[in-house]
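Structure file my_file.tsv with TSV, C-alpha atoms and all ligand atoms:
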chain	number	residue	atom	x	y	z
A	1	MET	CA	26.19	163.87	186.69
A	2	GLU	CA	26.04	160.06	187.04
A	3	THR	CA	28.69	158.21	189.08
A	4	ASP	CA	28.52	154.86	190.85
A	5	VAL	CA	30.89	155.44	193.77
A	6	GLU	CA	28.33	156.07	196.48
A	7	GLY	CA	29.09	153.92	199.50
A	8	ILE	CA	32.69	153.24	198.46
A	9	GLU	CA	35.13	154.23	201.22
A	10	GLN	CA	37.04	157.48	200.51
A	11	GLU	CA	40.80	156.90	200.62
A	12	VAL	CA	42.84	159.97	201.60
A	13	SER	CA	46.31	160.99	200.47
A	14	THR	CA	47.89	164.31	201.41
A	15	GLY	CA	51.39	165.72	202.06
A	16	SER	CA	52.64	167.68	205.04
A	17	LEU	CA	53.79	171.21	205.85
A	18	PRO	CA	57.44	172.17	206.33
A	19	GLY	CA	58.76	172.34	209.93
A	20	TRP	CA	57.46	174.82	212.54
A	21	ASP	CA	60.31	177.36	212.16
A	22	ARG	CA	59.98	177.50	208.40
A	23	VAL	CA	56.21	178.08	208.55
A	24	GLU	CA	56.75	180.78	211.19
A	25	ASP	CA	59.33	182.57	209.00
A	26	LEU	CA	57.18	182.40	205.88
A	27	VAL	CA	54.10	183.79	207.64
A	28	GLY	CA	56.24	186.72	208.83
A	29	ALA	CA	57.59	187.18	205.29
A	30	ALA	CA	54.08	187.08	203.75
A	31	HIS	CA	53.06	189.88	206.09
A	32	ALA	CA	56.15	192.03	205.54
A	33	ARG	CA	56.13	191.61	201.77
A	34	TYR	CA	52.67	193.13	201.19
A	35	ARG	CA	52.33	195.49	204.16
A	36	ASP	CA	52.90	198.56	201.98
A	37	VAL	CA	50.61	197.56	199.10
A	38	ASP	CA	47.85	200.16	198.99
A	39	ASP	CA	45.71	199.06	196.03
A	40	GLY	CA	42.03	198.34	196.42
A	41	VAL	CA	39.00	200.06	197.89
A	42	VAL	CA	37.21	199.39	201.18
A	43	ALA	CA	33.57	198.20	200.74
A	44	ASP	CA	31.03	200.92	201.44
A	45	TYR	CA	27.68	199.49	200.29
A	46	ILE	CA	27.24	198.41	203.92
A	47	PRO	CA	27.76	201.94	205.34
A	48	VAL	CA	29.59	201.02	208.55
A	49	LEU	CA	32.25	198.98	206.69
A	50	ALA	CA	33.50	202.20	205.07
A	51	THR	CA	34.75	203.46	208.44
A	52	VAL	CA	37.38	200.72	208.91
A	53	ASP	CA	41.14	201.49	208.97
A	54	PRO	CA	42.40	200.33	205.52
A	55	GLY	CA	45.89	199.78	206.96
A	56	LEU	CA	44.84	196.83	209.14
A	57	TYR	CA	46.57	193.67	207.93
A	58	GLY	CA	46.94	190.24	209.51
A	59	VAL	CA	48.20	186.88	208.22
A	60	CYS	CA	47.70	183.62	210.09
A	61	VAL	CA	48.34	179.93	209.37
A	62	ALA	CA	46.76	177.17	211.47
A	63	GLU	CA	48.24	173.72	210.95
A	64	SER	CA	46.02	170.65	210.97
A	65	GLY	CA	48.25	169.50	213.86
A	66	GLY	CA	47.04	172.49	215.91
A	67	ALA	CA	50.05	174.90	215.73
A	68	VAL	CA	49.11	178.50	214.88
A	69	HIS	CA	51.46	181.08	213.30
A	70	GLY	CA	50.56	184.76	212.97
A	71	ALA	CA	51.95	188.12	211.85
A	72	GLY	CA	50.38	191.58	212.04
A	73	ASP	CA	46.79	192.26	213.10
A	74	THR	CA	45.73	188.65	213.56
A	75	GLU	CA	43.52	189.29	216.60
A	76	VAL	CA	41.64	192.33	215.25
A	77	GLU	CA	37.96	191.42	214.77
A	78	PHE	CA	35.88	192.19	211.69
A	79	SER	CA	32.61	190.82	210.29
A	80	VAL	CA	32.93	187.42	208.64
A	81	GLN	CA	30.48	188.39	205.83
A	82	SER	CA	30.48	185.97	202.87
A	83	ILE	CA	33.01	183.66	204.49
A	84	SER	CA	30.14	182.51	206.72
A	85	LYS	CA	28.58	180.96	203.60
A	86	ALA	CA	31.24	178.25	203.50
A	87	PHE	CA	30.68	177.17	207.10
A	88	VAL	CA	26.88	177.42	207.07
A	89	TYR	CA	27.00	175.32	203.90
A	90	ALA	CA	29.05	172.69	205.76
A	91	LEU	CA	26.54	172.67	208.65
A	92	VAL	CA	23.62	172.25	206.22
A	93	CYS	CA	25.46	169.44	204.35
A	94	GLU	CA	26.01	167.72	207.69
A	95	GLU	CA	22.25	167.80	208.26
A	96	PHE	CA	20.92	167.02	204.77
A	97	GLY	CA	23.74	165.10	203.08
A	98	HIS	CA	25.53	165.29	199.76
A	99	GLN	CA	22.71	164.53	197.31
A	100	ASP	CA	19.99	166.63	198.86
A	101	VAL	CA	22.08	169.80	199.04
A	102	LEU	CA	23.40	169.21	195.53
A	103	GLU	CA	19.85	169.11	194.19
A	104	ARG	CA	18.35	171.88	196.29
A	105	VAL	CA	21.13	174.48	196.10
A	106	GLY	CA	23.67	173.39	193.45
A	107	VAL	CA	27.46	173.54	193.21
A	108	ASN	CA	28.22	175.48	190.02
A	109	ASN	CA	29.65	178.95	189.57
A	110	THR	CA	27.15	181.44	188.14
A	111	GLY	CA	29.99	183.53	186.68
A	112	LEU	CA	28.12	186.61	187.92
A	113	PRO	CA	28.72	188.98	190.86
A	114	PHE	CA	27.85	187.79	194.37
A	115	ASN	CA	24.67	189.86	194.63
A	116	SER	CA	23.34	189.09	191.15
A	117	VAL	CA	19.58	188.89	190.64
A	118	ILE	CA	19.98	187.97	186.96
A	119	ALA	CA	21.74	184.73	187.93
A	120	VAL	CA	18.52	183.51	189.55
A	121	GLU	CA	16.43	184.46	186.51
A	122	LEU	CA	18.85	182.88	184.05
A	123	ASN	CA	18.61	179.57	185.88
A	124	ASP	CA	14.82	179.38	186.24
A	125	GLY	CA	15.04	180.21	189.92
A	126	HIS	CA	17.61	177.52	190.76
A	127	PRO	CA	20.11	179.16	193.14
A	128	MET	CA	23.05	177.23	191.56
A	129	ASN	CA	25.91	178.50	193.74
A	130	PRO	CA	25.84	178.37	197.56
A	131	MET	CA	28.76	180.83	197.81
A	132	VAL	CA	26.91	183.84	196.38
A	133	ASN	CA	23.93	185.54	197.95
A	134	ALA	CA	21.03	183.69	196.27
A	135	GLY	CA	22.45	180.24	197.00
A	136	ALA	CA	23.56	181.30	200.46
A	137	LEU	CA	20.05	182.51	201.33
A	138	ALA	CA	18.62	179.19	200.11
A	139	THR	CA	21.24	177.39	202.23
A	140	THR	CA	20.59	179.44	205.38
A	141	ALA	CA	16.86	178.67	204.97
A	142	LEU	CA	17.79	174.98	205.41
A	143	MET	CA	19.62	175.44	208.74
A	144	PRO	CA	18.21	173.17	211.42
A	145	GLY	CA	16.04	174.89	214.05
A	146	ALA	CA	12.34	175.02	214.99
A	147	SER	CA	12.24	178.84	214.73
A	148	PHE	CA	14.31	181.56	213.07
A	149	GLY	CA	15.77	182.36	216.49
A	150	GLU	CA	16.88	178.75	216.88
A	151	GLN	CA	18.31	178.68	213.37
A	152	TRP	CA	20.37	181.76	214.20
A	153	GLU	CA	21.64	180.20	217.45
A	154	ASN	CA	22.60	177.06	215.49
A	155	VAL	CA	24.49	179.18	212.95
A	156	ARG	CA	26.30	181.01	215.71
A	157	GLY	CA	27.01	177.81	217.67
A	158	GLY	CA	28.22	175.98	214.55
A	159	LEU	CA	30.57	178.74	213.41
A	160	SER	CA	31.84	179.07	216.99
A	161	ALA	CA	32.69	175.35	217.03
A	162	PHE	CA	34.67	175.81	213.80
A	163	ALA	CA	36.52	178.74	215.43
A	164	GLY	CA	36.97	177.02	218.79
A	165	ARG	CA	35.55	179.98	220.74
A	166	GLN	CA	32.20	181.72	221.16
A	167	LEU	CA	31.71	184.20	218.29
A	168	GLU	CA	29.71	187.38	218.92
A	169	LEU	CA	27.38	189.40	216.73
A	170	ASP	CA	28.63	192.82	215.63
A	171	ASP	CA	25.45	194.73	216.33
A	172	GLU	CA	26.53	197.83	214.43
A	173	VAL	CA	27.30	195.87	211.25
A	174	TYR	CA	24.05	193.90	211.61
A	175	ARG	CA	21.99	197.10	211.93
A	176	SER	CA	23.86	198.89	209.15
A	177	GLU	CA	23.34	196.02	206.71
A	178	SER	CA	19.73	195.40	207.80
A	179	ALA	CA	18.88	199.00	206.96
A	180	THR	CA	20.38	198.81	203.46
A	181	ASN	CA	19.96	195.20	202.22
A	182	MET	CA	16.99	195.71	199.90
A	183	ARG	CA	18.78	193.74	197.22
A	184	ASN	CA	19.11	190.63	199.39
A	185	LYS	CA	15.44	190.97	200.34
A	186	ALA	CA	14.57	191.13	196.64
A	187	ILE	CA	16.65	188.02	195.92
A	188	ALA	CA	14.93	186.14	198.76
A	189	ARG	CA	11.48	187.13	197.47
A	190	LEU	CA	12.47	186.03	193.98
A	191	LEU	CA	13.61	182.64	195.32
A	192	GLN	CA	10.30	182.37	197.16
A	193	SER	CA	8.42	183.06	193.91
A	194	TYR	CA	10.21	180.08	192.36
A	195	GLY	CA	9.41	177.88	195.37
A	196	ARG	CA	13.07	177.72	196.42
A	197	ILE	CA	12.47	179.24	199.85
A	198	GLU	CA	9.47	177.75	201.63
A	199	VAL	CA	9.57	179.85	204.81
A	200	ASP	CA	9.27	183.62	205.37
A	201	PRO	CA	11.97	185.04	203.06
A	202	LEU	CA	12.52	188.20	205.08
A	203	GLU	CA	13.22	186.14	208.21
A	204	VAL	CA	15.74	184.12	206.20
A	205	VAL	CA	17.44	187.38	205.17
A	206	ASP	CA	17.54	188.37	208.84
A	207	VAL	CA	19.30	185.14	209.89
A	208	TYR	CA	21.66	185.52	206.92
A	209	THR	CA	22.43	189.16	207.80
A	210	ARG	CA	23.25	188.11	211.38
A	211	GLN	CA	25.46	185.26	210.18
A	212	CYS	CA	27.40	187.75	208.00
A	213	ALA	CA	27.81	190.10	211.01
A	214	LEU	CA	29.54	187.56	213.27
A	215	ARG	CA	32.89	188.91	214.45
A	216	VAL	CA	36.03	186.91	213.63
A	217	SER	CA	39.77	187.55	213.42
A	218	ALA	CA	42.35	186.28	210.91
A	219	HIS	CA	43.33	183.82	213.65
A	220	ASP	CA	39.73	182.54	213.84
A	221	LEU	CA	39.54	182.17	210.06
A	222	ALA	CA	42.73	180.09	210.04
A	223	VAL	CA	41.38	177.75	212.74
A	224	MET	CA	37.98	177.52	211.03
A	225	GLY	CA	39.69	176.63	207.76
A	226	ALA	CA	42.04	174.19	209.48
A	227	THR	CA	38.95	172.35	210.77
A	228	LEU	CA	37.91	171.81	207.14
A	229	ALA	CA	41.51	170.74	206.40
A	230	ASP	CA	41.47	168.27	209.28
A	231	GLY	CA	38.56	166.05	208.27
A	232	GLY	CA	36.10	168.13	210.30
A	233	VAL	CA	37.88	168.00	213.68
A	234	ASN	CA	38.95	171.38	215.11
A	235	PRO	CA	42.72	170.87	215.51
A	236	VAL	CA	42.93	173.29	218.46
A	237	THR	CA	39.96	172.09	220.57
A	238	GLY	CA	39.82	168.49	219.31
A	239	GLU	CA	36.05	168.80	218.79
A	240	ARG	CA	34.46	167.06	215.79
A	241	VAL	CA	32.38	169.75	214.05
A	242	VAL	CA	31.38	168.05	210.76
A	243	SER	CA	32.23	164.79	208.98
A	244	GLY	CA	35.18	164.26	206.66
A	245	GLN	CA	32.81	163.85	203.73
A	246	VAL	CA	31.21	167.23	204.45
A	247	CYS	CA	34.69	168.85	204.45
A	248	ARG	CA	35.46	167.29	201.08
A	249	ASP	CA	32.14	168.47	199.60
A	250	THR	CA	32.51	171.98	201.04
A	251	LEU	CA	36.07	172.38	199.75
A	252	ALA	CA	35.03	171.22	196.28
A	253	VAL	CA	32.37	173.92	196.23
A	254	LEU	CA	34.85	176.53	197.47
A	255	ALA	CA	37.31	175.60	194.72
A	256	ALA	CA	34.66	176.18	192.05
A	257	THR	CA	32.92	179.20	193.56
A	258	GLY	CA	34.61	180.65	196.67
A	259	MET	CA	36.19	183.70	195.04
A	260	TYR	CA	33.04	184.78	193.16
A	261	GLU	CA	33.45	185.23	189.42
A	262	ARG	CA	37.26	185.18	189.90
A	263	SER	CA	37.28	181.60	191.15
A	264	GLY	CA	38.91	180.21	188.00
A	265	GLU	CA	41.70	182.77	188.05
A	266	TRP	CA	42.23	182.18	191.76
A	267	LEU	CA	42.51	178.42	191.30
A	268	PHE	CA	44.86	178.90	188.35
A	269	GLU	CA	47.18	181.21	190.31
A	270	ILE	CA	46.89	179.87	193.85
A	271	GLY	CA	45.46	176.37	193.60
A	272	LEU	CA	43.52	176.26	196.88
A	273	PRO	CA	39.84	176.18	197.82
A	274	ALA	CA	39.10	179.53	199.46
A	275	LYS	CA	36.37	181.96	200.47
A	276	SER	CA	36.47	185.71	200.82
A	277	GLY	CA	34.18	188.30	202.40
A	278	VAL	CA	33.59	192.01	201.78
A	279	ALA	CA	34.95	193.09	205.17
A	280	GLY	CA	38.40	191.96	203.93
A	281	GLY	CA	38.80	188.40	205.20
A	282	ILE	CA	39.96	185.40	203.16
A	283	VAL	CA	40.30	181.79	204.28
A	284	ALA	CA	42.20	179.32	202.07
A	285	VAL	CA	42.32	175.62	202.91
A	286	ALA	CA	45.05	173.07	202.15
A	287	PRO	CA	43.40	169.66	202.78
A	288	GLY	CA	45.32	167.59	205.31
A	289	LYS	CA	47.80	170.39	205.97
A	290	GLY	CA	46.07	173.46	207.41
A	291	ALA	CA	44.62	176.81	206.45
A	292	ILE	CA	45.55	180.44	205.87
A	293	GLY	CA	43.42	183.25	207.33
A	294	THR	CA	44.08	186.82	206.19
A	295	PHE	CA	42.51	190.18	206.93
A	296	SER	CA	43.00	193.43	205.02
A	297	PRO	CA	39.97	195.59	204.12
A	298	PRO	CA	40.82	197.09	200.67
A	299	LEU	CA	39.18	194.98	197.93
A	300	ASP	CA	39.57	194.43	194.18
A	301	PRO	CA	36.53	194.97	191.90
A	302	ALA	CA	35.21	191.42	192.49
A	303	GLY	CA	35.22	192.03	196.27
A	304	ASN	CA	38.36	190.07	197.21
A	305	SER	CA	40.99	191.54	199.59
A	306	VAL	CA	44.03	192.73	197.63
A	307	ARG	CA	46.72	192.11	200.29
A	308	GLY	CA	44.98	188.91	201.36
A	309	GLN	CA	45.15	187.47	197.86
A	310	ARG	CA	48.82	188.32	197.56
A	311	ALA	CA	49.77	186.91	200.95
A	312	THR	CA	47.82	183.72	200.23
A	313	ALA	CA	49.48	183.34	196.83
A	314	TYR	CA	52.91	183.74	198.43
A	315	LEU	CA	52.19	181.19	201.15
A	316	SER	CA	50.65	178.71	198.70
A	317	ARG	CA	53.89	178.84	196.68
A	318	THR	CA	56.38	178.77	199.52
A	319	LEU	CA	54.59	176.29	201.79
A	320	GLY	CA	53.83	173.99	198.84
A	321	LEU	CA	50.05	174.15	199.21
A	322	ASN	CA	48.81	174.27	195.60
A	323	VAL	CA	46.69	171.12	195.29
A	324	PHE	CA	47.55	170.79	191.59
A	325	ALA	CA	51.34	170.97	191.94
A	326	SER	CA	53.46	167.82	191.64
A	327	ALA	CA	57.08	166.86	190.95
A	328	PRO	CA	58.25	163.77	189.05
A	329	ARG	CA	58.95	160.74	191.26
A	330	VAL	CA	62.50	160.38	189.89
A	331	ALA	CA	63.26	157.33	192.02
A	332	GLU	CA	60.52	155.35	190.33
A	333	HIS	CA	61.73	156.19	186.81
A	334	PRO	CA	65.38	154.98	186.79
A	335	ALA	CA	65.80	155.92	183.13
A	336	ARG	CA	65.21	159.56	184.07
A	337	MET	CA	67.50	159.61	187.11
A	338	PRO	CA	70.41	162.07	187.07
A	339	GLU	CA	73.73	160.28	186.66
A	340	GLY	CA	75.39	159.05	189.85
A	341	THR	CA	72.16	158.80	191.87
A	342	GLU	CA	70.90	155.53	193.21
A	343	SER	CA	67.40	154.21	193.28
A	344	ARG	CA	65.78	154.51	196.72
B	401	LIG	N1	26.52	190.43	203.86
B	401	LIG	C1	27.07	190.68	202.57
B	401	LIG	C2	25.96	190.74	201.52
B	401	LIG	O1	25.06	189.95	201.55
B	401	LIG	C3	28.08	189.64	202.25
B	401	LIG	C4	28.66	189.80	200.88
B	401	LIG	C5	30.09	189.41	200.75
B	401	LIG	O2	30.87	189.28	201.70
B	401	LIG	N2	30.48	189.28	199.51
B	401	LIG	O3	25.95	191.57	200.67

Turn the structure described in the file into structure tokens.
Ligand code: GLN
Amino acid sequence: METDVEGIEQEVSTGSLPGWDRVEDLVGAAHARYRDVDDGVVADYIPVLATVDPGLYGVCVAESGGAVHGAGDTEVEFSVQSISKAFVYALVCEEFGHQDVLERVGVNNTGLPFNSVIAVELNDGHPMNPMVNAGALATTALMPGASFGEQWENVRGGLSAFAGRQLELDDEVYRSESATNMRNKAIARLLQSYGRIEVDPLEVVDVYTRQCALRVSAHDLAVMGATLADGGVNPVTGERVVSGQVCRDTLAVLAATGMYERSGEWLFEIGLPAKSGVAGGIVAVAPGKGAIGTFSPPLDPAGNSVRGQRATAYLSRTLGLNVFASAPRVAEHPARMPEGTESR
């Protein structure tokens, strides 16, 4: 796509959240409303994930001003899984820049499941979408670091900066997935055959499998998302993690691709860039305002948490987060003003 806006300063215009008490009440309501929903199935293709308690459920909102609101199991840790893709993508964009990542990895939805091999074949080996496994493997391969060990430490350090605390590897999840991830190894080999991964593909899968096994809570997800909502500065620690431009690019990709092949439906219903993972996490980001982090393990057929989607939809509505929603500016259209009102 050709545009000629490179180098032109990005102006920013966003609204604000309701007051602290109102956000607190609505987070509590979002939790209570869906606590008893028992649809969905816990992921079991990574064997250890099948042993989780399906009743766990946490809802958290982190404001871009730094306030955090939570209800339910917001401090319970689980593996970040695919949600890591969003933050590793941001770290790689920070290193390589807009154009390079666009060309090397792509920004379009494949319309196919997250672990699709066919998607790579259909696109002549171009990974297309950094939020599903092929594109995520190609992205992880680009992480800065002189060795795979260093790349992994940079992934861990970067995601920890987004969260505002040191994140730890869940060794059991890492080992369980490493023993069963033949499909990801096949995808990495296929990308190598097309020249899309230039280093040892199995080492890339190993770094990727570790990144997916980092332990986070719903609270962490909300703070990580709020960093993307806050122009790249973690609103709790005050640390700059990535640039404002990288946040904008990452959120655009999440809007198009973050909820797998359901991304269009998600945007239509909820209107927020978001990313989900198979352990049951979802992060949804309202630029300039803050982010929602949810955790509930039972998933729908696309791999998105059932309670998490509902709680996020409720909060998007009630907190006014849908980026496509607007109301007429009555004051600026006097002809349309209700009788008896005065122009402001
Ligand atoms: N580690 C998982 C995988 O590669 C992540 C998938 C996901 O969360 N959708 O299969």

Pick from A:Val216, A:Ile282, A:Ile8, A:Leu272 nearest to ligand LIG 401 (chain B), counting only C-alpha atoms and all ligand atoms:
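Of A:Val216, A:Ile282, A:Ile8, A:Leu272, the one nearest ligand LIG 401 (chain B) is A:Ile282, counting only C-alpha atoms and all ligand atoms.
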
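Considering the residues A:Val23, A:Ile270, A:Val37, A:Val92 and counting only C-alpha atoms, Cys247 (chain A) has its shortest atom-to-atom contact with A:Val92.
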
Go through the chains and note each residue within 9 Å of ligand LIG 401 (chain B), using all atoms listed in the file, then give the set as an NGL selection string.
:A and (45-46 or 79-85 or 113-115 or 131-133 or 136-137 or 174 or 177 or 181 or 183-184 or 205 or 208-213 or 260 or 276-281 or 302-304)

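By all atoms listed in the file, and with residues fewer than 5 positions from Val61 (chain A) along its chain excluded, the set lying at most 6 Å from it is Val68, His69, Ala222, Ala291 and Ile292 of chain A.
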
Distance of CA of Thr294 (chain A) from CA of Ser326 (chain A), expressed in Å to one decimal place
25.7 Å

Could you list, as number ranges by chain, every residue within 8 Å of region 315-322 of chain A, counting all atoms listed in the file and ignoring same-chain residues fewer than 3 positions away?
A: 17-18, 23, 26-27, 30, 270-272, 286, 311-312, 325

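Atom pair CA of Asn129 (chain A) / CA of Lys289 (chain A): separated by 26.4 Å.
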
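Comparing A:Tyr314, A:Gly145, A:Cys60, A:Ser176 by their smallest distance to Glu95 (chain A), the closest is A:Gly145 (using all atoms listed in the file).
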
So that I can check the surroundings of Val204 (chain A), please list as number ranges by chain every protein, DNA and RNA residue that reaches within 8 Å of it, counting only C-alpha atoms and ignoring chain neighbours fewer than 3 positions away.
A: 137, 140-141, 148, 188, 199-201, 207-208

Identify which of the residues A:Glu77, A:Glu2, A:Asp44, A:Glu269 lies closest to Thr180 (chain A), counting only C-alpha atoms when measuring atom-to-atom distances.
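Going through A:Glu77, A:Glu2, A:Asp44, A:Glu269 one by one, the smallest distance to Thr180 (chain A) is for A:Asp44.
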
Which is closer to Asp230 (chain A) than all the others in A:Pro273, A:Gly65, A:Gly135, A:Pro298, using all atoms listed in the file?
A:Gly65

Have a look at A:Gly244, A:Ser178, A:Arg310, A:Glu265 and name the one nearest to Arg35 (chain A); count all atoms listed in the file.
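Smallest distance to Arg35 (chain A) is found for A:Arg310.
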
4 Å per side around region 321-332 of chain A: axis-aligned box centre and edge lengths, as JSON:
{"center_x": 55.0, "center_y": 164.8, "center_z": 194.1, "size_x": 24.6, "size_y": 26.9, "size_z": 18.2}

So the first atom is CA of Val107 (chain A) and the second is CA of Gln10 (chain A); what is the distance between them in Å, to one decimal place?
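Spanning CA of Val107 (chain A) to CA of Gln10 (chain A) is a straight-line distance of 20.1 Å.
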